[in-house]
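*Asks:* Provided below: query14.csv, containing CSV, C-alpha atoms.
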```csv
chain,number,residue,atom,x,y,z
A,1,MET,CA,-19.8,162.8,-69.1
A,2,ALA,CA,-18.9,161.0,-65.9
A,3,LEU,CA,-21.5,160.1,-63.2
A,4,ALA,CA,-19.5,162.1,-60.6
A,5,ASP,CA,-20.3,165.3,-62.5
A,6,HIS,CA,-24.0,164.7,-61.9
A,7,SER,CA,-23.9,163.1,-58.4
A,8,ILE,CA,-25.0,165.1,-55.4
A,9,SER,CA,-23.4,164.0,-52.2
A,10,ALA,CA,-25.5,162.8,-49.3
A,11,SER,CA,-23.7,165.4,-47.1
A,12,ALA,CA,-24.7,168.2,-49.4
A,13,GLY,CA,-28.2,166.9,-49.4
A,14,ILE,CA,-28.3,166.9,-45.6
A,15,ALA,CA,-26.9,170.4,-45.5
A,16,ALA,CA,-29.6,171.6,-47.9
A,17,LEU,CA,-32.4,170.0,-45.7
A,18,GLN,CA,-31.0,171.7,-42.7
A,19,ARG,CA,-30.6,175.0,-44.4
A,20,ASN,CA,-34.2,174.8,-45.4
A,21,ARG,CA,-35.3,174.0,-41.8
A,22,VAL,CA,-36.8,170.7,-42.8
A,23,ASP,CA,-37.9,168.9,-39.6
A,24,HIS,CA,-39.5,165.7,-41.1
A,25,VAL,CA,-38.6,163.6,-44.1
A,26,VAL,CA,-41.6,161.5,-45.2
A,27,THR,CA,-40.6,158.8,-47.6
A,28,VAL,CA,-40.8,155.6,-49.5
A,29,PRO,CA,-37.2,154.8,-50.3
A,30,ASP,CA,-35.6,155.6,-53.6
A,31,TRP,CA,-32.6,153.9,-55.2
A,32,VAL,CA,-31.4,157.2,-56.7
A,33,GLN,CA,-31.3,158.9,-53.2
A,34,LEU,CA,-30.1,155.8,-51.4
A,35,SER,CA,-27.0,157.4,-49.8
A,36,LEU,CA,-29.2,160.3,-48.4
A,37,HIS,CA,-31.7,157.7,-47.1
A,38,GLN,CA,-28.9,155.9,-45.3
A,39,ARG,CA,-27.7,159.1,-43.7
A,40,LEU,CA,-31.2,160.0,-42.5
A,41,GLN,CA,-31.7,156.5,-41.2
A,42,ASP,CA,-28.5,156.7,-39.2
A,43,GLY,CA,-29.9,159.8,-37.6
A,44,VAL,CA,-29.6,163.5,-38.3
A,45,GLU,CA,-30.3,165.9,-35.5
A,46,GLY,CA,-33.5,167.9,-35.9
A,47,ILE,CA,-34.8,165.7,-38.8
A,48,ARG,CA,-37.3,162.9,-38.1
A,49,LEU,CA,-37.5,160.2,-40.8
A,50,ILE,CA,-41.0,158.7,-41.3
A,51,SER,CA,-41.2,155.7,-43.6
A,52,CYS,CA,-44.5,155.0,-45.2
A,53,ALA,CA,-46.0,151.8,-46.7
A,54,ASN,CA,-46.7,153.7,-50.0
A,55,GLU,CA,-46.4,157.1,-51.5
A,56,ASN,CA,-50.1,158.1,-51.0
A,57,GLN,CA,-49.4,158.0,-47.3
A,58,THR,CA,-46.3,160.2,-47.6
A,59,VAL,CA,-48.5,163.0,-49.1
A,60,THR,CA,-51.2,162.7,-46.4
A,61,VAL,CA,-48.8,162.4,-43.5
A,62,ALA,CA,-46.9,165.4,-44.8
A,63,ALA,CA,-50.2,167.3,-45.2
A,64,GLY,CA,-51.0,166.6,-41.5
A,65,LEU,CA,-47.5,167.7,-40.4
A,66,THR,CA,-47.8,170.9,-42.4
A,67,ILE,CA,-51.2,171.8,-41.0
A,68,GLY,CA,-49.8,171.1,-37.6
A,69,GLY,CA,-47.0,173.6,-38.0
A,70,LYS,CA,-44.1,171.4,-39.2
A,71,ARG,CA,-41.9,171.7,-42.3
A,72,PRO,CA,-41.7,168.3,-44.0
A,73,ILE,CA,-40.2,167.2,-47.3
A,74,LEU,CA,-41.1,164.1,-49.3
A,75,MET,CA,-38.6,161.7,-50.8
A,76,MET,CA,-39.6,159.0,-53.3
A,77,GLN,CA,-38.8,157.8,-56.8
A,78,ASN,CA,-40.5,158.6,-60.1
A,79,GLN,CA,-42.6,155.5,-59.9
A,80,GLY,CA,-43.8,156.6,-56.5
A,81,LEU,CA,-44.9,160.0,-57.8
A,82,TYR,CA,-46.9,158.3,-60.5
A,83,ASN,CA,-48.5,156.1,-57.8
A,84,CYS,CA,-49.6,159.0,-55.6
A,85,LEU,CA,-50.9,161.3,-58.4
A,86,ASN,CA,-54.5,161.4,-57.2
A,87,THR,CA,-53.4,162.1,-53.6
A,88,LEU,CA,-51.2,164.9,-54.9
A,89,ARG,CA,-54.2,166.2,-56.8
A,90,ALA,CA,-56.4,166.2,-53.8
A,91,VAL,CA,-53.9,167.6,-51.2
A,92,CYS,CA,-51.8,170.0,-53.2
A,93,LEU,CA,-53.9,171.0,-56.3
A,94,ASP,CA,-57.4,171.1,-54.8
A,95,ALA,CA,-56.7,171.7,-51.1
A,96,HIS,CA,-53.6,173.9,-51.8
A,97,ILE,CA,-51.4,172.4,-49.1
A,98,PRO,CA,-47.8,173.4,-50.0
A,99,MET,CA,-45.4,170.5,-50.3
A,100,VAL,CA,-41.9,169.9,-51.7
A,101,PHE,CA,-41.0,166.5,-53.2
A,102,MET,CA,-37.6,165.1,-53.9
A,103,VAL,CA,-38.1,162.6,-56.7
A,104,GLY,CA,-35.3,160.3,-58.0
A,105,GLN,CA,-35.3,159.6,-61.7
A,106,PHE,CA,-35.1,155.9,-61.2
A,107,GLY,CA,-34.1,153.9,-64.3
A,108,ARG,CA,-32.4,156.8,-66.1
A,109,GLU,CA,-29.6,155.4,-68.3
A,110,PHE,CA,-26.2,157.0,-67.7
A,111,ALA,CA,-26.0,157.9,-71.4
A,112,ASN,CA,-28.9,160.3,-70.8
A,113,LEU,CA,-27.0,162.3,-68.1
A,114,GLY,CA,-26.4,165.8,-69.4
A,115,GLN,CA,-29.2,165.3,-72.0
A,116,PRO,CA,-32.9,166.2,-71.6
A,117,THR,CA,-34.7,163.5,-69.7
A,118,THR,CA,-37.5,163.5,-72.3
A,119,GLN,CA,-34.9,161.8,-74.5
A,120,SER,CA,-34.4,159.0,-72.1
A,121,ARG,CA,-35.2,155.6,-73.6
A,122,ARG,CA,-36.9,154.6,-70.2
A,123,THR,CA,-40.6,155.7,-70.1
A,124,MET,CA,-40.6,156.3,-66.3
A,125,VAL,CA,-37.9,158.9,-66.9
A,126,SER,CA,-39.0,160.5,-70.1
A,127,ILE,CA,-42.7,161.1,-69.2
A,128,MET,CA,-42.0,162.8,-65.9
A,129,GLU,CA,-41.3,166.4,-67.0
A,130,PRO,CA,-44.2,166.4,-69.5
A,131,LEU,CA,-46.5,165.0,-66.9
A,132,LEU,CA,-45.6,167.7,-64.3
A,133,LYS,CA,-46.0,170.4,-67.0
A,134,SER,CA,-49.4,169.0,-67.9
A,135,ILE,CA,-50.7,169.2,-64.3
A,136,ASP,CA,-49.1,172.6,-63.7
A,137,VAL,CA,-46.7,171.4,-60.9
A,138,PRO,CA,-43.5,173.4,-60.9
A,139,TYR,CA,-40.3,171.4,-60.9
A,140,HIS,CA,-36.5,171.9,-60.8
A,141,CYS,CA,-33.9,169.5,-62.1
A,142,LEU,CA,-31.1,168.7,-59.8
A,143,GLU,CA,-28.3,167.7,-62.2
A,144,SER,CA,-25.3,168.6,-60.1
A,145,GLU,CA,-24.5,169.6,-56.6
A,146,SER,CA,-24.8,173.3,-57.3
A,147,ASP,CA,-28.5,172.8,-58.2
A,148,LEU,CA,-29.3,172.0,-54.6
A,149,ALA,CA,-29.8,175.8,-54.2
A,150,ARG,CA,-33.1,175.2,-56.0
A,151,MET,CA,-34.4,173.7,-52.8
A,152,GLU,CA,-34.8,177.2,-51.4
A,153,ASP,CA,-36.7,178.2,-54.5
A,154,ALA,CA,-38.9,175.1,-54.2
A,155,PHE,CA,-40.0,175.9,-50.7
A,156,GLU,CA,-40.6,179.6,-51.6
A,157,GLN,CA,-42.6,178.6,-54.6
A,158,ALA,CA,-44.6,175.9,-52.8
A,159,GLU,CA,-45.6,178.4,-50.1
A,160,ALA,CA,-46.3,181.4,-52.4
A,161,ARG,CA,-48.4,179.4,-54.8
A,162,ARG,CA,-49.7,176.9,-52.2
A,163,THR,CA,-49.0,173.9,-54.4
A,164,ALA,CA,-46.6,171.0,-54.9
A,165,VAL,CA,-43.1,171.7,-56.2
A,166,VAL,CA,-40.9,168.8,-57.4
A,167,LEU,CA,-37.1,168.5,-57.3
A,168,LEU,CA,-36.0,165.9,-59.8
A,169,VAL,CA,-32.9,164.2,-58.7
A,170,GLY,CA,-31.2,163.1,-61.9
A,171,ALA,CA,-28.4,160.8,-60.9
A,172,PRO,CA,-27.5,158.4,-58.1
A,173,MET,CA,-26.4,160.4,-55.1
A,174,ALA,CA,-22.8,160.0,-54.0
A,175,TRP,CA,-21.9,158.2,-50.8
A,176,GLN,CA,-20.0,161.1,-49.2
B,177,MET,CA,-75.3,147.0,-34.7
B,178,MET,CA,-75.4,150.8,-34.2
B,179,ASN,CA,-76.6,153.4,-36.7
B,180,ILE,CA,-74.3,156.1,-38.2
B,181,VAL,CA,-75.8,158.9,-36.0
B,182,GLN,CA,-74.8,156.9,-32.9
B,183,ALA,CA,-71.4,156.2,-34.3
B,184,CYS,CA,-70.6,159.8,-35.2
B,185,GLY,CA,-72.7,161.4,-32.4
B,186,VAL,CA,-70.7,159.8,-29.7
B,187,VAL,CA,-67.5,161.3,-31.2
B,188,ALA,CA,-69.1,164.7,-31.8
B,189,LYS,CA,-70.4,164.9,-28.2
B,190,GLY,CA,-67.3,163.6,-26.6
B,191,ARG,CA,-64.2,164.7,-28.5
B,192,GLY,CA,-63.7,168.0,-26.7
B,193,ASP,CA,-60.7,169.8,-28.3
B,194,ALA,CA,-59.5,166.7,-30.2
B,195,ILE,CA,-58.8,167.2,-33.9
B,196,LEU,CA,-61.3,165.3,-36.0
B,197,VAL,CA,-60.4,163.8,-39.4
B,198,SER,CA,-63.2,162.3,-41.3
B,199,THR,CA,-64.1,160.6,-44.6
B,200,MET,CA,-67.1,161.3,-46.8
B,201,LEU,CA,-70.0,159.6,-44.9
B,202,SER,CA,-68.9,160.7,-41.5
B,203,MET,CA,-68.2,164.2,-42.7
B,204,PHE,CA,-71.9,164.5,-43.9
B,205,ILE,CA,-73.1,163.2,-40.6
B,206,PHE,CA,-70.9,165.5,-38.5
B,207,ASP,CA,-72.1,168.4,-40.7
B,208,ARG,CA,-75.7,167.5,-39.8
B,209,ILE,CA,-75.3,166.8,-36.1
B,210,GLU,CA,-72.8,169.5,-35.2
B,211,GLY,CA,-74.6,172.1,-37.3
B,212,ALA,CA,-73.9,175.8,-37.4
B,213,ASP,CA,-72.9,176.0,-33.7
B,214,GLY,CA,-70.6,173.0,-33.7
B,215,LYS,CA,-72.5,171.5,-30.8
B,216,ALA,CA,-74.1,168.1,-31.0
B,217,ARG,CA,-75.6,167.9,-27.5
B,218,MET,CA,-79.2,168.2,-28.6
B,219,VAL,CA,-79.1,165.4,-31.1
B,220,PRO,CA,-80.6,162.1,-29.6
B,221,LEU,CA,-78.4,159.0,-30.1
B,222,LEU,CA,-81.0,156.2,-30.3
B,223,GLY,CA,-80.6,152.8,-32.0
B,224,GLY,CA,-82.2,151.3,-35.1
B,225,LYS,CA,-83.8,152.9,-38.1
B,226,ALA,CA,-86.1,155.0,-36.0
B,227,GLY,CA,-83.1,156.4,-34.1
B,228,LEU,CA,-81.4,157.2,-37.3
B,229,VAL,CA,-84.4,159.1,-38.7
B,230,LEU,CA,-85.0,160.9,-35.4
B,231,GLY,CA,-81.4,161.9,-35.0
B,232,LEU,CA,-81.0,163.3,-38.5
B,233,ALA,CA,-84.4,165.1,-38.2
B,234,VAL,CA,-83.5,166.8,-35.0
B,235,ALA,CA,-80.1,167.7,-36.5
B,236,LYS,CA,-81.8,169.2,-39.5
B,237,VAL,CA,-84.1,171.3,-37.4
B,238,LYS,CA,-81.3,172.4,-35.1
B,239,GLN,CA,-79.2,173.4,-38.2
B,240,LYS,CA,-82.0,175.5,-39.6
B,241,LEU,CA,-82.7,177.2,-36.3
B,242,GLY,CA,-79.0,177.8,-35.5
B,243,ALA,CA,-77.7,179.0,-38.9
B,244,SER,CA,-77.4,182.7,-39.3
B,245,GLY,CA,-76.4,182.5,-42.9
B,246,PRO,CA,-77.4,179.9,-45.5
B,247,ALA,CA,-79.0,176.7,-44.2
B,248,ALA,CA,-76.0,174.7,-45.4
B,249,GLU,CA,-73.6,176.6,-43.2
B,250,VAL,CA,-71.8,174.3,-40.7
B,251,ALA,CA,-69.1,174.9,-38.2
B,252,THR,CA,-66.0,172.7,-38.8
B,253,THR,CA,-63.8,173.9,-36.0
B,254,GLY,CA,-61.0,171.5,-35.3
B,255,ARG,CA,-62.2,169.3,-38.2
B,256,ILE,CA,-60.6,168.3,-41.5
B,257,SER,CA,-62.3,166.1,-44.2
B,258,SER,CA,-60.3,163.8,-46.4
B,259,VAL,CA,-62.6,164.7,-49.3
B,260,PRO,CA,-62.6,163.9,-52.2
B,261,LEU,CA,-59.8,161.5,-51.4
B,262,MET,CA,-60.5,157.9,-50.3
B,263,GLY,CA,-57.8,156.4,-48.2
B,264,GLY,CA,-56.2,159.6,-46.9
B,265,ALA,CA,-57.7,160.0,-43.5
B,266,ALA,CA,-55.3,157.8,-41.5
B,267,GLY,CA,-52.2,159.6,-43.0
B,268,LEU,CA,-53.7,163.0,-42.3
B,269,GLY,CA,-54.4,162.0,-38.7
B,270,LEU,CA,-50.9,160.5,-38.3
B,271,GLY,CA,-49.3,163.7,-39.5
B,272,LEU,CA,-51.5,165.9,-37.3
B,273,ALA,CA,-50.8,163.6,-34.3
B,274,LEU,CA,-47.1,163.9,-34.8
B,275,ALA,CA,-47.1,167.6,-35.2
B,276,GLN,CA,-49.5,168.2,-32.2
B,277,PRO,CA,-48.5,165.6,-29.6
B,278,GLN,CA,-50.3,167.6,-26.8
B,279,ARG,CA,-53.7,167.2,-28.6
B,280,ARG,CA,-55.8,164.1,-29.2
B,281,VAL,CA,-56.5,163.3,-32.8
B,282,VAL,CA,-59.6,161.2,-33.8
B,283,VAL,CA,-59.7,159.7,-37.3
B,284,MET,CA,-63.2,158.6,-38.5
B,285,ASP,CA,-62.3,156.3,-41.4
B,286,GLY,CA,-64.6,154.4,-43.7
B,287,ASP,CA,-64.3,150.7,-44.4
B,288,ALA,CA,-63.9,151.1,-48.2
B,289,SER,CA,-61.4,153.9,-47.7
B,290,LEU,CA,-59.3,152.0,-45.3
B,291,LEU,CA,-59.3,149.0,-47.6
B,292,MET,CA,-57.6,151.2,-50.2
B,293,GLU,CA,-54.7,152.0,-47.9
B,294,LEU,CA,-54.4,149.0,-45.6
B,295,GLY,CA,-50.7,149.5,-45.5
B,296,GLY,CA,-51.4,152.7,-43.6
B,297,LEU,CA,-52.1,150.5,-40.5
B,298,ALA,CA,-48.5,149.4,-40.6
B,299,THR,CA,-47.3,153.0,-41.1
B,300,VAL,CA,-49.3,154.2,-38.1
B,301,ALA,CA,-48.2,151.3,-35.9
B,302,ALA,CA,-44.6,151.8,-36.7
B,303,VAL,CA,-44.6,155.5,-35.8
B,304,ARG,CA,-46.8,154.8,-32.7
B,305,PRO,CA,-48.4,158.1,-32.1
B,306,LYS,CA,-49.8,158.0,-28.5
B,307,ASN,CA,-52.5,160.6,-29.2
B,308,LEU,CA,-54.2,158.9,-32.1
B,309,LEU,CA,-57.6,157.2,-32.0
B,310,HIS,CA,-58.3,155.6,-35.3
B,311,VAL,CA,-62.0,154.6,-35.8
B,312,VAL,CA,-63.4,152.7,-38.8
B,313,VAL,CA,-67.1,152.8,-39.7
B,314,HIS,CA,-67.7,149.2,-40.9
B,315,ASN,CA,-71.0,149.2,-42.7
B,316,GLY,CA,-70.0,147.0,-45.6
B,317,THR,CA,-71.2,149.5,-48.3
B,318,GLN,CA,-70.0,152.2,-50.6
B,319,PHE,CA,-72.2,155.2,-51.5
B,320,THR,CA,-74.3,154.2,-48.5
B,321,GLY,CA,-77.8,155.6,-48.5
B,322,LEU,CA,-77.6,156.0,-52.3
B,323,GLY,CA,-76.5,152.8,-54.1
B,324,ASN,CA,-75.4,150.8,-51.1
B,325,LEU,CA,-72.9,148.9,-53.2
B,326,LYS,CA,-71.2,146.1,-51.3
B,327,ILE,CA,-67.5,146.6,-50.5
B,328,THR,CA,-65.0,144.0,-51.8
B,329,THR,CA,-65.1,141.8,-48.7
B,330,THR,CA,-68.1,140.9,-46.5
B,331,ASP,CA,-66.5,140.1,-43.1
B,332,PHE,CA,-63.1,141.8,-43.0
B,333,GLN,CA,-61.6,141.8,-39.5
B,334,PHE,CA,-60.3,145.4,-39.4
B,335,ALA,CA,-59.6,145.4,-35.6
B,336,LYS,CA,-57.8,142.1,-35.8
B,337,LEU,CA,-55.6,143.4,-38.6
B,338,ALA,CA,-54.9,146.6,-36.7
B,339,SER,CA,-53.9,144.6,-33.7
B,340,ASP,CA,-51.6,142.4,-35.7
B,341,ALA,CA,-50.1,145.5,-37.4
B,342,GLY,CA,-49.0,146.7,-34.0
B,343,TYR,CA,-51.6,149.2,-32.7
B,344,VAL,CA,-51.4,149.3,-28.9
B,345,HIS,CA,-55.1,148.5,-28.5
B,346,ALA,CA,-57.8,147.4,-31.0
B,347,GLU,CA,-61.4,146.3,-30.5
B,348,ARG,CA,-64.6,145.9,-32.4
B,349,ILE,CA,-67.8,147.5,-31.0
B,350,SER,CA,-71.3,146.8,-32.3
B,351,ASP,CA,-73.6,148.3,-29.6
B,352,GLY,CA,-74.2,152.0,-29.6
B,353,ALA,CA,-74.5,152.2,-25.8
B,354,ASN,CA,-71.3,150.3,-25.3
B,355,TRP,CA,-69.6,152.7,-27.8
B,356,ALA,CA,-70.8,155.7,-25.8
B,357,GLU,CA,-69.6,154.2,-22.6
B,358,ARG,CA,-66.2,153.2,-24.0
B,359,PHE,CA,-65.4,156.3,-26.0
B,360,PRO,CA,-63.9,158.5,-23.2
B,361,ARG,CA,-61.6,155.8,-22.0
B,362,LEU,CA,-60.5,154.9,-25.6
B,363,LEU,CA,-59.8,158.6,-26.3
B,364,ALA,CA,-57.7,159.0,-23.2
B,365,MET,CA,-55.7,155.8,-23.7
B,366,ASP,CA,-52.1,155.9,-24.9
B,367,GLY,CA,-52.3,154.9,-28.5
B,368,PRO,CA,-52.4,154.3,-31.3
B,369,VAL,CA,-55.8,152.9,-30.5
B,370,PHE,CA,-58.1,151.3,-33.2
B,371,VAL,CA,-61.8,150.8,-33.0
B,372,GLU,CA,-63.9,149.0,-35.5
B,373,LEU,CA,-67.6,150.1,-35.3
B,374,MET,CA,-70.1,147.8,-36.7
B,375,VAL,CA,-72.7,150.1,-38.3
B,376,GLU,CA,-75.9,149.5,-40.2
B,377,PRO,CA,-75.9,150.9,-43.7
B,378,VAL,CA,-78.1,153.9,-44.2
B,379,PRO,CA,-81.3,152.8,-46.0
B,380,GLN,CA,-81.0,153.1,-49.8
B,381,GLN,CA,-82.9,156.2,-51.1
B,382,THR,CA,-82.4,155.6,-54.8
B,383,LYS,CA,-85.0,153.9,-57.0
B,384,PRO,CA,-85.9,154.0,-60.7
B,385,GLY,CA,-86.3,157.6,-61.8
B,386,PHE,CA,-84.0,159.0,-59.0
B,387,GLU,CA,-81.8,161.8,-60.3
B,388,GLN,CA,-78.4,162.4,-58.9
B,389,GLU,CA,-77.6,166.0,-57.9
B,390,GLU,CA,-74.5,167.8,-59.2
B,391,MET,CA,-71.6,167.8,-56.8
B,392,PRO,CA,-71.4,171.3,-55.2
B,393,ASP,CA,-68.1,173.2,-55.4
B,394,ARG,CA,-67.8,173.1,-51.7
B,395,GLN,CA,-67.1,169.3,-52.0
B,396,PHE,CA,-63.9,170.2,-53.7
B,397,ASP,CA,-62.9,173.3,-51.8
B,398,ARG,CA,-63.7,172.3,-48.2
B,399,MET,CA,-60.5,170.3,-47.5
B,400,GLY,CA,-58.4,173.3,-48.4
B,401,GLN,CA,-60.6,175.7,-46.4
B,402,GLU,CA,-60.6,173.4,-43.4
B,403,ALA,CA,-56.8,172.9,-43.6
B,404,LEU,CA,-56.3,176.7,-43.5
B,405,ALA,CA,-58.7,177.2,-40.6
B,406,LEU,CA,-57.2,174.3,-38.7
B,407,GLN,CA,-53.6,175.5,-39.4
B,408,ALA,CA,-54.5,178.9,-38.1
B,409,MET,CA,-56.2,177.5,-35.0
B,410,LEU,CA,-53.3,175.3,-34.1
B,411,ALA,CA,-50.7,178.1,-34.7
B,412,GLN,CA,-52.7,180.3,-32.3
B,413,ASP,CA,-52.5,177.6,-29.7
B,414,ALA,CA,-48.8,176.9,-30.2
B,415,PRO,CA,-46.6,177.8,-27.2
B,416,ALA,CA,-44.7,181.1,-27.7
```
Show how you would write the structure in this file as structure tokens.
*Replies:*
Amino acid sequence: MALADHSISASAGIAALQRNRVDHVVTVPDWVQLSLHQRLQDGVEGIRLISCANENQTVTVAAGLTIGGKRPILMMQNQGLYNCLNTLRAVCLDAHIPMVFMVGQFGREFANLGQPTTQSRRTMVSIMEPLLKSIDVPYHCLESESDLARMEDAFEQAEARRTAVVLLVGAPMAWQ
Amino acid sequence: MMNIVQACGVVAKGRGDAILVSTMLSMFIFDRIEGADGKARMVPLLGGKAGLVLGLAVAKVKQKLGASGPAAEVATTGRISSVPLMGGAAGLGLGLALAQPQRRVVVMDGDASLLMELGGLATVAAVRPKNLLHVVVHNGTQFTGLGNLKITTTDFQFAKLASDAGYVHAERISDGANWAERFPRLLAMDGPVFVELMVEPVPQQTKPGFEQEEMPDRQFDRMGQEALALQAMLAQDAPA
């Protein structure tokens, strides 16, 4: 299956953020979502980009924004999510501050597209879904542009359950 | 050097309606000196070990007299504790400062906590929130008052690092009276402002035979409860 069948365009990503009234993107950049990062860095009306030195800070900054009445989303790669697991535990699982993460499946081989990520030969990809299940964090796989509709579900779930919800971006986003 | 009651007492007495983010040690001290009514004005801020003992003793009496419910009840209006989460205070404070630009935000960080997330200084400096006062309690110990374990470095220059990272103003303060005098001006200054407080460790209480108490549930619930209360308070204050 071609990469284009799985790539979500940066334009569609921006539209989804705007549709979901996201006002801050808090991030450590991700190779998979590079085209979306570029668009945000170039400037999108109504969305402020906050770059952090590491992913733990993205979680705490987003928590402060949420408490203060804003609607942030986090962007990072799978390695970043592994890095901030204790902060996610404290902020989202113990303190129940709702939060939506967009996490790129960095390192996923193209041969795995269209297949379960648990069958990826790259550990950082294959362990992600089992890990999220084990800590009871809901997630949705974004495997094509139509899956962006799951962002609405993610925000609803995060707020209803007062927890973290992860959107797994499966393939490099298209530069359109 | 000042003691921890002086370090936190100045903030408790002078913060007004500023949001206060604290780490474990400061949280416990704020609980004690703000007590059930959330007012620290009766607590004396005197230097040395005698000042520490007197300040905590008065706080304890005040808490017992003022509490209508359980003795452990404390008011945490406008406060949130980064607990149990070392390294999270500056990020929480930054997010709150960005979301609430009309309010001052004071972060009472710990030295061991800040060492875990030193990159946060660069994050704060890059975003440049004008309303953020970031204070670090530099007492050189972890589990102060219990084990007093030394932190990884003995003479780390936090204020110098914050200044180099790009904070608008950074200074180190050792004297309690000087801290009390400087605090209103530092709080009013356009930030981000950083203050490194040189604080004496709380004397070690442990000795052979000492038994550590079980961590209460509140230790794990309070950040969420404080977040909800703070969110509700800020939503009420938001312009229509």
*Asks:* Take atom CA of Val219 of chain B and atom CA of Ala235 of chain B and report the distance between them in Å, one decimal.
*Replies:* 6.0 Å
*Asks:* For chain B, report every residue with an atom at most 6 Å from chain A (counting all atoms listed in the file), formatted as a ChimeraX atom specification.
*Replies:* /B:264,267-268,270-272,275,295,299,399-400,407
*Asks:* What would the file look like if the residues just selected were written as a short mmCIF file (atom, residue, chain, number, x, y, z; two decimals), in the frame of the given file with C-alpha atoms?
*Replies:*
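Saved to out05.cif:
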```
data_model
loop_
_atom_site.label_atom_id
_atom_site.label_comp_id
_atom_site.auth_asym_id
_atom_site.auth_seq_id
_atom_site.Cartn_x
_atom_site.Cartn_y
_atom_site.Cartn_z
CA GLY B 264 -56.20 159.60 -46.90
CA GLY B 267 -52.20 159.60 -43.00
CA LEU B 268 -53.70 163.00 -42.30
CA LEU B 270 -50.90 160.50 -38.30
CA GLY B 271 -49.30 163.70 -39.50
CA LEU B 272 -51.50 165.90 -37.30
CA ALA B 275 -47.10 167.60 -35.20
CA GLY B 295 -50.70 149.50 -45.50
CA THR B 299 -47.30 153.00 -41.10
CA MET B 399 -60.50 170.30 -47.50
CA GLY B 400 -58.40 173.30 -48.40
CA GLN B 407 -53.60 175.50 -39.40
#
```
*Asks:* Please provide the set of residues having any atom within 7 Å of segment 138-147 of chain A, restricted to all atoms listed in the file, with same-chain residues fewer than 2 positions apart removed, written as a ChimeraX atom specification.
*Replies:* /A:5-8,132,136,149-150,165-170
*Asks:* At a cut-off of 7 Å, using only C-alpha atoms, what residues contact Gly286 of chain B? Leave out same-chain residues fewer than 4 positions from it and give the result as a ChimeraX atom specification.
*Replies:* /B:199,290,312-314
*Asks:* With a distance cut-off of 9 Å and all atoms listed in the file, select the neighbouring residues of Met203 of chain B, excluding the residue or stretch itself and same-chain residues fewer than 3 positions from it, and output the selection as a PyMOL selection string.
*Replies:* chain B and resi 197-200+206-208+256-259+284
*Asks:* Find, counting only C-alpha atoms, the residue in B:Arg348, B:Lys383, B:Arg304, B:Lys215 that gets nearest to Thr252 of chain B.
*Replies:*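 The shortest atom-to-atom distance to Thr252 of chain B comes from B:Lys215.
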